[in-house]
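Before any comments, here is the structure.
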Amino acid sequence: MNKIKYFEKEINYIKNKDKQDDIKYLINLLPDYFFKIPASSTGKYHPKFASTEHGLVKHTKVAVRIAYDLFLINDSFSNNDKDLIIMALIMHDGLKKGMEEEEYTRFDHPLLASELIMKNASNLKMNIDDVRKICTMIESHMGKWNTNKYSKVELPLPIDKYQRFVHMCDYLASRNYLNVKFNKLDIE
């Protein structure tokens with residue numbers, strides 16, 4: 001499976017060539033199921049386009065596109081920060097059902113994705129501060145929905161502008177009223 005082809009456009013939003021190489025490396029670590037499953041098993045929490053095969057990829061693409069579009073009107077981020085935000089959004093749901101596909105969504109999936117990235121930090125070109133920044137954005141992407149009655153895990157809340165921005169993009173991409181049109185896996 002050529003995992004990179006799913007995110008070619010989003011990778012090209014990243015300005016720094018080394019960070020493009022890093023996100024390609026990280027995408028290749030994601031389990032195969034990520035590229036096939038819907039964003040939500042129930043369909044309750046995501047729009048119709050995300051409830052189909054490849055729905056999690058589509059949800060991820062929409063979250064990145066929302067970030068990309070918001071960057072046009074929000075100049076409070078450096079180019080480096082924009083690259084890190086896009087990378088975090090590409091990876092944020094990468095282990096939604098665990099490293100090996102489990103039946104249900106893992107509530108701790110943000111922590112699993114962060115752990116995967118940290119375990120592979122020495123294989124990346126970016127510095128450890130940037131790696132940690134991506135990880136904190138991913139860990140807190142659930143926002144105020146950071147607890148679950150079925151889990152003892154409490155996820156971190158977004159506290160800085162980068163974490164809040166990633167949470168906002170993910171949240172907006174999950175709104176049922178969105179009607180994003182896709183041509184195969186590309187946003188029209």
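Chain identifiers are assigned as A, B, and so on, following the order in which chains appear in the structure tokens; residues are numbered from 1 within each chain, and ligands are numbered from 1 in order of appearance.
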Selection: 12 Å around A:Ser140, only C-alpha atoms, excl. self and same-chain fewer than 3 positions, as a count of residues only = 37
Closest atom pairs, stretch 118-162 of chain A residues within 10 Å of stretch 26-36 of chain A, only C-alpha atoms, as a Markdown table:
```
| residue | atom | partner | partner_atom | distance |
| --- | --- | --- | --- | --- |
| A:Asn120 | CA | A:Leu26 | CA | 8.3 |
| A:Ala121 | CA | A:Leu26 | CA | 9.7 |
| A:Asn123 | CA | A:Leu26 | CA | 9.6 |
| A:Leu124 | CA | A:Leu26 | CA | 8.7 |
```
Would you return as an MDAnalysis selection string the members of chain A that DSSP assigns to helix (DSSP H, G or I) on this structure's backbone?
-> chainID A and resid 4:13 17:29 32:35 48:51 55:71 79:91 109:119 121:123 128:139 161:173
Among the residues A:Ser174, A:Asn2, A:Asn183, A:Asn127, the one that comes closest to A:Asn80 [using only C-alpha atoms] = A:Asn127
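Proximity of A:Glu139, A:Asp129, A:Glu102, A:Asp18 to A:Asp83, computed with only C-alpha atoms, is greatest for A:Asp18.
For the choices A:Leu112, A:Ile66, A:Tyr150, A:Met126, the atom-to-atom distance to A:Lys97 is smallest for A:Leu112 when using only C-alpha atoms.
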Can you list, as a PyMOL selection string, every protein, DNA or RNA residue that comes within 12 Å of A:His54 when you count only C-alpha atoms, leaving out same-chain residues fewer than 3 positions away?
-> chain A and resi 6+32-40+48-51+57-61+182+184-186
Just the strand (DSSP E or B) stuff from chain A, please, per backbone DSSP, written as an MDAnalysis selection string.
-> chainID A and resid 148 151 182:183 186:187
Return the single residue from A:Thr52, A:Ser78, A:Gln20, A:Asn12 that is closest to A:Arg65, with distances computed using only C-alpha atoms.
-> A:Asn12
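If you look at atom CA of A:Ile86 and atom CA of A:Ile14, they are 7.1 Å away from each other.
Minimum atom-to-atom distances from A:Ile187, A:Asp69, A:Cys169, A:Tyr13 to A:His141 were compared using only C-alpha atoms, and the lowest value belongs to A:Cys169.
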